[in-house]
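**Student:** Below is the file entry22.pdb, with PDB, C-alpha atoms, pLDDT in the B column.
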MODEL        1
ATOM      1  CA  MET A   1     -76.759 -98.596 -91.322  1.00 97.00           C
ATOM      2  CA  LYS A   2     -77.151 -98.559 -87.553  1.00 98.00           C
ATOM      3  CA  VAL A   3     -76.632-101.810 -85.646  1.00 98.00           C
ATOM      4  CA  THR A   4     -77.298-101.851 -81.913  1.00 98.00           C
ATOM      5  CA  ILE A   5     -76.456-104.815 -79.699  1.00 98.00           C
ATOM      6  CA  CYS A   6     -77.885-105.210 -76.214  1.00 97.00           C
ATOM      7  CA  VAL A   7     -75.219-105.287 -73.528  1.00 96.00           C
ATOM      8  CA  GLY A   8     -77.610-105.559 -70.584  1.00 96.00           C
ATOM      9  CA  SER A   9     -77.083-108.201 -67.945  1.00 95.00           C
ATOM     10  CA  THR A  10     -79.207-110.971 -69.500  1.00 96.00           C
ATOM     11  CA  CYS A  11     -77.817-110.468 -73.010  1.00 96.00           C
ATOM     12  CA  HIS A  12     -74.314-110.290 -71.542  1.00 96.00           C
ATOM     13  CA  LEU A  13     -74.872-113.689 -69.926  1.00 96.00           C
ATOM     14  CA  LEU A  14     -76.237-114.994 -73.257  1.00 97.00           C
ATOM     15  CA  GLY A  15     -73.058-113.935 -75.097  1.00 97.00           C
ATOM     16  CA  SER A  16     -73.535-110.370 -76.337  1.00 97.00           C
ATOM     17  CA  LYS A  17     -69.795-109.680 -76.009  1.00 97.00           C
ATOM     18  CA  ARG A  18     -69.105-112.457 -78.495  1.00 98.00           C
ATOM     19  CA  VAL A  19     -71.661-110.935 -80.897  1.00 98.00           C
ATOM     20  CA  VAL A  20     -70.108-107.467 -80.501  1.00 98.00           C
ATOM     21  CA  ASP A  21     -66.599-108.815 -81.077  1.00 98.00           C
ATOM     22  CA  ARG A  22     -67.662-110.830 -84.123  1.00 98.00           C
ATOM     23  CA  PHE A  23     -69.554-107.924 -85.691  1.00 98.00           C
ATOM     24  CA  LYS A  24     -66.478-105.709 -85.185  1.00 98.00           C
ATOM     25  CA  GLU A  25     -64.352-108.327 -86.953  1.00 98.00           C
ATOM     26  CA  LEU A  26     -66.821-108.671 -89.836  1.00 98.00           C
ATOM     27  CA  VAL A  27     -67.194-104.913 -90.303  1.00 98.00           C
ATOM     28  CA  ALA A  28     -63.398-104.601 -90.508  1.00 98.00           C
ATOM     29  CA  GLU A  29     -63.033-107.673 -92.731  1.00 98.00           C
ATOM     30  CA  HIS A  30     -65.532-106.262 -95.258  1.00 98.00           C
ATOM     31  CA  ASN A  31     -64.257-102.660 -94.984  1.00 98.00           C
ATOM     32  CA  LEU A  32     -67.672-101.395 -93.861  1.00 98.00           C
ATOM     33  CA  ALA A  33     -66.622 -98.973 -91.109  1.00 97.00           C
ATOM     34  CA  ASP A  34     -67.945 -96.048 -93.152  1.00 97.00           C
ATOM     35  CA  LYS A  35     -71.294 -97.771 -93.796  1.00 98.00           C
ATOM     36  CA  VAL A  36     -72.099 -99.668 -90.574  1.00 98.00           C
ATOM     37  CA  GLU A  37     -72.337 -97.970 -87.195  1.00 98.00           C
ATOM     38  CA  LEU A  38     -72.097-100.403 -84.286  1.00 98.00           C
ATOM     39  CA  GLY A  39     -73.510 -99.390 -80.926  1.00 97.00           C
ATOM     40  CA  GLY A  40     -74.544-100.849 -77.626  1.00 96.00           C
ATOM     41  CA  LYS A  41     -77.592-100.345 -75.454  1.00 96.00           C
ATOM     42  CA  PHE A  42     -78.707-101.643 -72.087  1.00 94.00           C
ATOM     43  CA  CYS A  43     -81.848-103.783 -71.971  1.00 92.00           C
ATOM     44  CA  MET A  44     -83.817-103.728 -75.184  1.00 93.00           C
ATOM     45  CA  GLY A  45     -86.781-105.608 -73.714  1.00 91.00           C
ATOM     46  CA  HIS A  46     -86.314-109.102 -75.113  1.00 90.00           C
ATOM     47  CA  CYS A  47     -84.600-110.638 -72.097  1.00 87.00           C
ATOM     48  CA  GLY A  48     -84.123-114.373 -72.268  1.00 86.00           C
ATOM     49  CA  GLU A  49     -84.960-114.723 -75.973  1.00 92.00           C
ATOM     50  CA  GLY A  50     -81.344-114.433 -77.074  1.00 95.00           C
ATOM     51  CA  VAL A  51     -78.912-111.600 -77.667  1.00 97.00           C
ATOM     52  CA  CYS A  52     -80.990-108.683 -78.908  1.00 97.00           C
ATOM     53  CA  VAL A  53     -79.718-106.909 -82.025  1.00 98.00           C
ATOM     54  CA  THR A  54     -81.488-104.114 -83.884  1.00 97.00           C
ATOM     55  CA  ILE A  55     -80.555-103.338 -87.458  1.00 98.00           C
ATOM     56  CA  ASP A  56     -82.000-100.066 -88.688  1.00 97.00           C
ATOM     57  CA  GLY A  57     -84.848-100.450 -86.200  1.00 94.00           C
ATOM     58  CA  THR A  58     -85.671-104.113 -86.884  1.00 97.00           C
ATOM     59  CA  THR A  59     -85.179-106.364 -83.858  1.00 97.00           C
ATOM     60  CA  HIS A  60     -83.542-109.778 -83.993  1.00 97.00           C
ATOM     61  CA  THR A  61     -82.698-112.149 -81.145  1.00 97.00           C
ATOM     62  CA  ILE A  62     -79.848-114.571 -81.762  1.00 97.00           C
ATOM     63  CA  ALA A  63     -77.383-116.930 -80.177  1.00 97.00           C
ATOM     64  CA  PRO A  64     -73.766-115.846 -80.583  1.00 97.00           C
ATOM     65  CA  GLU A  65     -73.246-118.746 -83.002  1.00 98.00           C
ATOM     66  CA  ALA A  66     -75.711-117.077 -85.397  1.00 98.00           C
ATOM     67  CA  ALA A  67     -73.808-113.776 -85.572  1.00 98.00           C
ATOM     68  CA  ASP A  68     -72.219-114.533 -88.962  1.00 98.00           C
ATOM     69  CA  GLU A  69     -75.544-115.578 -90.488  1.00 98.00           C
ATOM     70  CA  LEU A  70     -77.321-112.460 -89.229  1.00 98.00           C
ATOM     71  CA  PHE A  71     -74.471-110.257 -90.432  1.00 98.00           C
ATOM     72  CA  ASN A  72     -74.435-111.838 -93.892  1.00 98.00           C
ATOM     73  CA  ASN A  73     -78.219-111.813 -94.363  1.00 98.00           C
ATOM     74  CA  GLU A  74     -79.202-108.525 -92.750  1.00 98.00           C
ATOM     75  CA  ILE A  75     -76.124-106.313 -92.969  1.00 97.00           C
ATOM     76  CA  LEU A  76     -73.754-107.418 -95.723  1.00 97.00           C
ATOM     77  CA  ALA A  77     -76.590-108.139 -98.165  1.00 96.00           C
ATOM     78  CA  LYS A  78     -78.068-104.667 -97.640  1.00 95.00           C
ATOM     79  CA  VAL A  79     -75.090-102.286 -97.683  1.00 93.00           C
TER      80      VAL A  79
ENDMDL
END
Kindly transcribe the structure held in the file into structure tokens.
**Tutor:**
Amino acid sequence: MKVTICVGSTCHLLGSKRVVDRFKELVAEHNLADKVELGGKFCMGHCGEGVCVTIDGTTHTIAPEAADELFNNEILAKV
């Protein structure tokens, strides 16, 4: 599973580093390093809507506080 988190300037200001850090923690916590590939990308075109995250090509925009919910529903539930 490929997970890409925007690290462009707007997403950075909206908390993308917190999302990246939390996803890293959750991948390690659930021993998913061999199943989930985390990556970063500059500007994914959804500036201002929230931190942009794509999971296997599907785009989500979230607040950092929703990182656990997105991970549980869209990553953990599908690996």
**Student:** Which of these, A:Val19, A:Met44, A:Val36, A:Val3, has the shortest distance to Pro64 (chain A) once you count only C-alpha atoms?
**Tutor:** A:Val19
**Student:** Step by step: start from the point (-86.7, -101.6, -73.1) in the file's coordinates, keep every protein, DNA or RNA residue that has an atom no farther than 12 Å from it, count all atoms listed in the file, and write the set as a PDB file with C-alpha atoms, in the coordinates of the input.
**Tutor:**
ATOM      1  CA  CYS A   6     -77.885-105.210 -76.214  1.00 97.00           C
ATOM      2  CA  GLY A   8     -77.610-105.559 -70.584  1.00 96.00           C
ATOM      3  CA  LYS A  41     -77.592-100.345 -75.454  1.00 96.00           C
ATOM      4  CA  PHE A  42     -78.707-101.643 -72.087  1.00 94.00           C
ATOM      5  CA  CYS A  43     -81.848-103.783 -71.971  1.00 92.00           C
ATOM      6  CA  MET A  44     -83.817-103.728 -75.184  1.00 93.00           C
ATOM      7  CA  GLY A  45     -86.781-105.608 -73.714  1.00 91.00           C
ATOM      8  CA  HIS A  46     -86.314-109.102 -75.113  1.00 90.00           C
ATOM      9  CA  CYS A  47     -84.600-110.638 -72.097  1.00 87.00           C
ATOM     10  CA  CYS A  52     -80.990-108.683 -78.908  1.00 97.00           C
ATOM     11  CA  THR A  59     -85.179-106.364 -83.858  1.00 97.00           C
TER      12      THR A  59
END
**Student:** Take the point (-74.7, -107.4, -75.8) as written in the file and pick out every residue within 6 Å of it, counting all atoms listed in the file; give the list as a list of chain:residue names.
**Tutor:** A:Ile5, A:Cys6, A:Val7, A:Cys11, A:His12, A:Ser16, A:Lys17
**Student:** Restricting the calculation to all atoms listed in the file, which member of A:Glu74, A:Glu49, A:Thr58, A:Asp34 is positioned closest to Leu14 (chain A)?
**Tutor:**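 For Leu14 (chain A), the nearest of the given residues is A:Glu49.
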**Student:** What is the distance between CA of Gly39 (chain A) and CA of Lys2 (chain A), in Å to one decimal?
**Tutor:**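 Atom-to-atom, CA of Gly39 (chain A) and CA of Lys2 (chain A) are spaced 7.6 Å apart.
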**Student:** Where does the PyMOL selection byres ((chain A and resi 33) around 12) land in this file, that is, which residues does it pick, as a compact mmCIF listing (two decimals) with C-alpha atoms, in the frame of the given file?
**Tutor:**
# COMPACT_ATOMS: atom_id res chain seq x y z
CA MET A 1 -76.76 -98.60 -91.32
CA LYS A 2 -77.15 -98.56 -87.55
CA VAL A 3 -76.63 -101.81 -85.65
CA PHE A 23 -69.55 -107.92 -85.69
CA LYS A 24 -66.48 -105.71 -85.18
CA GLU A 25 -64.35 -108.33 -86.95
CA LEU A 26 -66.82 -108.67 -89.84
CA VAL A 27 -67.19 -104.91 -90.30
CA ALA A 28 -63.40 -104.60 -90.51
CA GLU A 29 -63.03 -107.67 -92.73
CA HIS A 30 -65.53 -106.26 -95.26
CA ASN A 31 -64.26 -102.66 -94.98
CA LEU A 32 -67.67 -101.40 -93.86
CA ASP A 34 -67.94 -96.05 -93.15
CA LYS A 35 -71.29 -97.77 -93.80
CA VAL A 36 -72.10 -99.67 -90.57
CA GLU A 37 -72.34 -97.97 -87.20
CA LEU A 38 -72.10 -100.40 -84.29
CA LEU A 76 -73.75 -107.42 -95.72
CA VAL A 79 -75.09 -102.29 -97.68
**Student:** With all atoms of region 4-19 of chain A from the file as input, state the centre and edge lengths in Å to one decimal of the axis-aligned box that has 6 Å extra on each side, as lines of an AutoDock Vina configuration file.
**Tutor:**
center_x = -74.2
center_y = -108.4
center_z = -74.9
size_x = 22.1
size_y = 25.1
size_z = 26.0
**Student:** Using all atoms listed in the file, find the one residue out of A:Thr4, A:Gly48, A:Thr61, A:Asn72 that sits nearest to Val20 (chain A).
**Tutor:**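 Between A:Thr4, A:Gly48, A:Thr61, A:Asn72, the residue approaching Val20 (chain A) most closely is A:Thr4.
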**Student:** Could you check which of A:Arg22, A:Gly40, A:Gly15, A:Thr10 is closest to Leu70 (chain A), using all atoms listed in the file?
**Tutor:**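 With all atoms listed in the file as the atom set, the closest residue is A:Arg22.
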**Student:** Take CA of Glu65 (chain A) and CA of Lys78 (chain A) and report the distance between them in Å, one decimal.
**Tutor:**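 Answer for the CA of Glu65 (chain A) to CA of Lys78 (chain A) separation: 20.9 Å.
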**Student:** Expressed in Å to a single decimal, how great is the separation between CA of Thr54 (chain A) and CA of Phe71 (chain A)?
**Tutor:**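 CA of Phe71 (chain A) lies 11.4 Å from CA of Thr54 (chain A).
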